[in-house]
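**Student:** Take a look at this one; I'll ask things after.
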Amino acid sequence: MIQVNARATFNPEGPFKLTTIERRELQPHDVLIEIKYAGICHSDIHTARGEWGPVKYPLVPGHEIAGIVSQVGAEVTKYAVGDRVGVGCMVDSCGECSSCHKGEEQYCLHGNTGTYGSTDRHGHYTQGGYSTHIVVTESFVVRIPDNIPLDAAAPLLCAGITTYSPLHHWEAGPGKKVAVVGLGGLGHMAVKIAHAMGAEVTVLSQSLKKKEDGLQLGADHYYATSDPETFKQLAGSFDLIINTVSAQINIDAYLSLLALDGTLVNVGAPADPLAVNVFSLIGQRRTFAGSMIGGIRETQEMLDFCAEHNIASEIEVIAASQIDEAWERVLASDVRYRFVIDISTMEQA
Ligand code: NAP
Ligand code: ZN
């Protein structure tokens with residue numbers, strides 16, 4: 001086993017502490033990645049706090065990983081030492097079911113192997129990217145294009161793909177009116193990507209505090225959802241709404257903003273159920289849908305799309321000692337727009 005440094009939480013409340021974890025010895029198709037940056041996703045918080053179900057501690061979160069290949073297994077063909085690479089939310093899947101055959105490994109019928117908090121095919125409990133190195137089979141590693149800095153690329157591995165995938169699937173593009181609910185990590189990527197796809201983009205945020213930023217990110221319009229007028233004014237107007245909110249919201253109110261045949265896609269994943277009045281759907285043949293990250297092929301496609309359109313994440317780089325503080329700020333919706341851990345600070349007090 002390979003011993004590496006990591007920041008782990010030892011119970012649901014934290015705090016994070018420096019610790020040592022084990023990575024498996026390189027198998028023939030494995031690559032060893034020296035992690036340079038790891039993004040902080042709200043899912044890290046839901047998971048570590050046990051909101052989505054029980055987890056084992058110590059837990060090392062982190063599924064927005066950007067780094068450099070530092071060693072390759074004997075049969076690796078896709079990557080070489082020195083390559084700039086990324087790893088997202090999953091590190092393996094069965095490879096044999098209909099979803100895997102379609103390249104939708106995130107929907108593997110046997111369950112994909114999460115980058116952390118899962119048991120992998122070798123029987124090891126997986127630990128994530130708040131760490132100096134990770135070992136991943138080459139088919140779950142993607143290439144980070146040269147023109148995207150590694151720190152701003154890290155959040156693309158989850159926030160980027162989680163918003164690109166539904167925008168692509170529901171055909172955001174010229175002539176389509178897209179609304180993004182919540183301007184956090186996922187939300188700000190949704191705005192940039194939908195804008196780059198050519199859609200008319202509206203941000204629906206709790207307040208107008210981030211309006212200037214939203215417009216700069218590529219939104220055409222910006223409304224506060226705390227103002228009841230917003231819902232009157234925008235009734236029936238959107239083809240597609242991407243809800244990135246990490247908490248419960250009034251889904252019926254947002255469904256009322258969809259046009260005929262419009263779709264509201266929930267990517268936000270609050271632990272508690274969301275109530276839906278079926279009349280909100282029946283009236284205008286509306287759809288309430290969900291979407292989970294994206295497959296490996298699509299993740300590479302998203303990175304190449306971002307490179308082509310000069311898109312990356314807006315980040316605040318922090319030291320490893322600041323993870324607890326950053327989590328509190330994410331919970332307070334005080335993130336502009338993704339915290340990224342500089343892994344070179346791993347051992348600093
Ligand atoms: P985030 O950075 O915290 O952004 C969430 C945003 O939602 C906040 O910035 C805030 O935006 C808004 N919000 C928060 N609390 C709210 C409330 N009580 N009422 C209304 N709006 C509220 O989180 P994130 O990392 O983008 O993740 C968002 C959600 O997506 C999480 O639940 C996460 O687990 C989930 N997720 C899902 C997938 C997937 O595959 N489906 C992948 C990654 C993450 P404003 O300040 O603009 O209102
Ligand atoms: Zn995530």
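Scheme for the structure tokens: letters A, B, ... for chains in order shown; per-chain residue numbers from 1; ligand numbers from 1 in order shown.
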Could you tell me, counting only C-alpha atoms and all ligand atoms, which protein and nucleic acid residues lie no more than 6 Å from ligand 1, written as a list in words?
**Tutor:**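 Going residue by residue within 6 Å of ligand 1, we get Cys41, His42, Ser43, Cys158, Ala159, Thr162, Gly182, Leu183, Gly184, Gly185, Leu186, Gly187, Ser205, Gln206, Thr244, Val245, Ser246, Ala247, Ile249, Val267, Gly268, Ala269, Pro270, Ser291, Met292, Ile293, Val330, Leu331 and Ser333 of chain A.
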**Student:** Would you kindly return, as a list in words, each protein, DNA or RNA residue with an atom no farther than 6 Å from any atom of region 15-19 of chain A, considering only C-alpha atoms and excluding same-chain residues fewer than 5 positions away?
**Tutor:** Asn5, Ala6, Arg7, Ala8 and Thr9 of chain A
**Student:** Could you work out how far CA of Cys89 (chain A) lies from CA of Ala349 (chain A), giving the answer in Å with one decimal?
**Tutor:**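 Rounded to one decimal, the two atoms are 27.9 Å apart.
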**Student:** Can you tell me which residues surround Leu109 (chain A) at a distance of at most 9 Å, considering only C-alpha atoms, apart from same-chain residues fewer than 5 positions away, and format the answer as a PDB file with N, CA and C atoms, in the first residue's frame?
**Tutor:**
```pdb
ATOM      1  N   SER A  93     -16.897   1.447 -12.314  1.00  0.00           N
ATOM      2  CA  SER A  93     -18.277   0.962 -12.459  1.00  0.00           C
ATOM      3  C   SER A  93     -18.146  -0.454 -13.007  1.00  0.00           C
ATOM      4  N   CYS A  94     -19.275  -1.160 -13.184  1.00  0.00           N
ATOM      5  CA  CYS A  94     -19.162  -2.581 -13.555  1.00  0.00           C
ATOM      6  C   CYS A  94     -18.609  -2.761 -14.967  1.00  0.00           C
ATOM      7  N   CYS A  97     -22.951  -3.407 -17.717  1.00  0.00           N
ATOM      8  CA  CYS A  97     -24.414  -3.235 -17.768  1.00  0.00           C
ATOM      9  C   CYS A  97     -24.775  -2.296 -18.918  1.00  0.00           C
ATOM     10  N   SER A  98     -26.074  -2.144 -19.178  1.00  0.00           N
ATOM     11  CA  SER A  98     -26.503  -1.327 -20.316  1.00  0.00           C
ATOM     12  C   SER A  98     -26.102   0.142 -20.138  1.00  0.00           C
ATOM     13  N   SER A  99     -26.128   0.648 -18.923  1.00  0.00           N
ATOM     14  CA  SER A  99     -25.723   2.048 -18.713  1.00  0.00           C
ATOM     15  C   SER A  99     -24.241   2.220 -19.004  1.00  0.00           C
ATOM     16  N   CYS A 100     -23.417   1.311 -18.489  1.00  0.00           N
ATOM     17  CA  CYS A 100     -21.966   1.403 -18.739  1.00  0.00           C
ATOM     18  C   CYS A 100     -21.684   1.291 -20.235  1.00  0.00           C
TER      19      CYS A 100
END
```
**Student:** Here is a test: counting only C-alpha atoms and all ligand atoms, which residue of A:Val69, A:Ile161, A:Ala48, A:Ala80 is nearest to ligand 2?
**Tutor:** A:Ile161
**Student:** What lies within 9 Å of Thr115 (chain A) using only C-alpha atoms, ignoring chain neighbours under 2 positions off, as a list in words?
**Tutor:**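 Result of the neighbour search: Pro61, Gly62, His63, Val87, Gly88, Cys89, Met90, Val91, Asp92, Thr113, Gly117, Ser118, Thr126, Gln127, Gly128 and Gly129 of chain A.
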**Student:** Quick one: write out the picked residues with N, CA, C and O atoms as a tab-separated table (two decimals), in the first residue's frame?
**Tutor:**
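part.tsv, freshly written:
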```tsv
chain	number	residue	atom	x	y	z
A	61	PRO	N	-13.21	13.61	1.99
A	61	PRO	CA	-14.05	13.95	0.85
A	61	PRO	C	-13.21	14.48	-0.32
A	61	PRO	O	-11.97	14.49	-0.25
A	62	GLY	N	-13.89	14.96	-1.35
A	62	GLY	CA	-13.21	15.57	-2.49
A	62	GLY	C	-13.37	14.78	-3.76
A	62	GLY	O	-12.76	13.71	-3.91
A	63	HIS	N	-14.21	15.32	-4.68
A	63	HIS	CA	-14.40	14.64	-5.96
A	63	HIS	C	-14.29	15.63	-7.13
A	63	HIS	O	-14.91	15.45	-8.16
A	87	VAL	N	-10.07	13.86	-11.99
A	87	VAL	CA	-10.94	12.77	-11.54
A	87	VAL	C	-12.15	13.42	-10.91
A	87	VAL	O	-12.02	14.40	-10.17
A	88	GLY	N	-13.33	12.88	-11.23
A	88	GLY	CA	-14.56	13.44	-10.71
A	88	GLY	C	-15.17	12.59	-9.61
A	88	GLY	O	-14.45	12.08	-8.74
A	89	CYS	N	-16.48	12.40	-9.69
A	89	CYS	CA	-17.22	11.78	-8.58
A	89	CYS	C	-17.13	10.27	-8.53
A	89	CYS	O	-17.58	9.67	-7.56
A	90	MET	N	-16.67	9.64	-9.60
A	90	MET	CA	-16.62	8.17	-9.56
A	90	MET	C	-15.28	7.67	-10.07
A	90	MET	O	-14.61	8.33	-10.87
A	91	VAL	N	-14.88	6.50	-9.57
A	91	VAL	CA	-13.57	5.94	-9.92
A	91	VAL	C	-13.69	4.55	-10.54
A	91	VAL	O	-12.68	3.95	-10.91
A	92	ASP	N	-14.92	4.04	-10.67
A	92	ASP	CA	-15.10	2.72	-11.29
A	92	ASP	C	-16.59	2.45	-11.48
A	92	ASP	O	-17.44	3.17	-10.92
A	113	THR	N	-18.68	3.22	-8.39
A	113	THR	CA	-17.85	3.34	-7.19
A	113	THR	C	-17.52	4.81	-6.99
A	113	THR	O	-16.87	5.43	-7.83
A	117	GLY	N	-16.08	7.28	0.10
A	117	GLY	CA	-17.25	6.74	0.79
A	117	GLY	C	-17.87	5.51	0.14
A	117	GLY	O	-18.99	5.15	0.46
A	118	SER	N	-17.14	4.86	-0.79
A	118	SER	CA	-17.62	3.64	-1.44
A	118	SER	C	-16.65	2.51	-1.14
A	118	SER	O	-15.51	2.76	-0.74
A	126	THR	N	-13.11	3.76	-0.34
A	126	THR	CA	-12.48	4.82	-1.13
A	126	THR	C	-12.40	6.13	-0.32
A	126	THR	O	-13.28	6.43	0.47
A	127	GLN	N	-11.33	6.86	-0.57
A	127	GLN	CA	-11.12	8.16	0.07
A	127	GLN	C	-10.79	9.18	-1.02
A	127	GLN	O	-10.13	8.86	-2.00
A	128	GLY	N	-11.29	10.41	-0.85
A	128	GLY	CA	-11.29	11.38	-1.94
A	128	GLY	C	-10.08	12.29	-2.06
A	128	GLY	O	-8.97	11.97	-1.61
A	129	GLY	N	-10.34	13.44	-2.66
A	129	GLY	CA	-9.27	14.31	-3.16
A	129	GLY	C	-8.66	15.31	-2.20
A	129	GLY	O	-7.75	16.03	-2.58
```
**Student:** Please identify the strand (DSSP E) residues within region 47-76 of chain A (assignment by DSSP from backbone atoms) and present them as a PyMOL selection string.
**Tutor:** chain A and resi 65-72
**Student:** Listing only residues of region 60-156 of chain A within 7 Å of region 334-345 of chain A, what is the closest atom pair and its distance in Å (to one decimal) for each, using only C-alpha atoms, sorted by chain and residue number ascending, as a Markdown table?
**Tutor:**
```
| residue | atom | partner | partner_atom | distance |
| --- | --- | --- | --- | --- |
| A:Ser131 | CA | A:Ile343 | CA | 6.9 |
| A:Thr132 | CA | A:Ile343 | CA | 6.3 |
| A:Asp151 | CA | A:Val340 | CA | 6.8 |
```
**Student:** DSSP on the backbone, helix (DSSP H, G or I) only: what residues of region 94-291 of chain A does that give? Format it as number ranges by chain.
**Tutor:** A: 98-101, 105-107, 138-140, 150-157, 159-169, 185-197, 211-217, 228-233, 251-255, 279-282
**Student:** Could you name the residues that touch Ala224 (chain A) at 9 Å or less, counting only C-alpha atoms, but leaving out those on the same chain fewer than 5 positions away, as a list in words?
**Tutor:**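 Near neighbours after the sequence-gap exclusion: Val203, Leu204, Ser205, Gln206, Ser207, Leu208, Lys209, Lys211 and Thr230 of chain A.
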**Student:** Produce a file of the selected residues containing N, CA and C atoms, as a PDB file, in the first residue's frame.
**Tutor:**
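Saved as result01.pdb:
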```pdb
ATOM      1  N   VAL A 203     -30.887  34.060 -14.153  1.00  0.00           N
ATOM      2  CA  VAL A 203     -30.545  33.555 -12.821  1.00  0.00           C
ATOM      3  C   VAL A 203     -31.694  33.852 -11.871  1.00  0.00           C
ATOM      4  N   LEU A 204     -32.058  32.846 -11.083  1.00  0.00           N
ATOM      5  CA  LEU A 204     -33.051  33.023 -10.030  1.00  0.00           C
ATOM      6  C   LEU A 204     -32.333  32.766  -8.713  1.00  0.00           C
ATOM      7  N   SER A 205     -31.976  33.860  -8.023  1.00  0.00           N
ATOM      8  CA  SER A 205     -31.201  33.763  -6.785  1.00  0.00           C
ATOM      9  C   SER A 205     -32.059  34.277  -5.640  1.00  0.00           C
ATOM     10  N   GLN A 206     -31.651  33.960  -4.413  1.00  0.00           N
ATOM     11  CA  GLN A 206     -32.469  34.404  -3.274  1.00  0.00           C
ATOM     12  C   GLN A 206     -32.553  35.928  -3.185  1.00  0.00           C
ATOM     13  N   SER A 207     -31.486  36.601  -3.582  1.00  0.00           N
ATOM     14  CA  SER A 207     -31.464  38.067  -3.499  1.00  0.00           C
ATOM     15  C   SER A 207     -30.757  38.621  -4.736  1.00  0.00           C
ATOM     16  N   LEU A 208     -30.629  39.945  -4.785  1.00  0.00           N
ATOM     17  CA  LEU A 208     -29.931  40.570  -5.927  1.00  0.00           C
ATOM     18  C   LEU A 208     -28.458  40.852  -5.620  1.00  0.00           C
ATOM     19  N   LYS A 209     -27.988  40.301  -4.468  1.00  0.00           N
ATOM     20  CA  LYS A 209     -26.609  40.582  -4.027  1.00  0.00           C
ATOM     21  C   LYS A 209     -25.552  40.251  -5.078  1.00  0.00           C
ATOM     22  N   LYS A 211     -26.060  40.051  -8.402  1.00  0.00           N
ATOM     23  CA  LYS A 211     -26.572  40.341  -9.749  1.00  0.00           C
ATOM     24  C   LYS A 211     -25.464  40.707 -10.735  1.00  0.00           C
ATOM     25  N   THR A 230     -41.440  38.319  -8.855  1.00  0.00           N
ATOM     26  CA  THR A 230     -40.637  37.522  -9.795  1.00  0.00           C
ATOM     27  C   THR A 230     -41.474  36.391 -10.376  1.00  0.00           C
TER      28      THR A 230
END
```
**Student:** Looking at A:Gln71, A:Asn310, A:Gln322, A:Ser139, which one is nearest to Ala196 (chain A), with distances taken over only C-alpha atoms?
**Tutor:**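 Nearest candidate to Ala196 (chain A) out of A:Gln71, A:Asn310, A:Gln322, A:Ser139: A:Asn310.
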**Student:** When you draw a straight line from CA of Tyr107 (chain A) to CA of Thr163 (chain A), how long is it in Å?
**Tutor:** 16.0 Å
**Student:** Do you have the CA of Arg297 (chain A)-CA of Leu59 (chain A) distance handy?
**Tutor:**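 Those two atoms sit 28.2 Å apart.
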**Student:** For Glu25 (chain A), which residue among A:Leu260, A:Val72, A:Ile2, A:Ile45 is the nearest when counting only C-alpha atoms?
**Tutor:**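 So, comparing all the options, the nearest one is A:Ile2.
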**Student:** Residues near Ala219 (chain A), anyone? I mean within 9 Å using only C-alpha atoms, not counting same-chain ones fewer than 5 positions away, as a PyMOL selection string.
**Tutor:** chain A and resi 191-192+194-195+200-203+213-214
**Student:** Taking into account only C-alpha atoms and all ligand atoms, which residue in the set A:Gly95, A:Gly262, A:Gly53, A:Gly114 is nearest to ligand 2?
**Tutor:**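 Of the candidates, the smallest distance to ligand 2 is held by A:Gly114.
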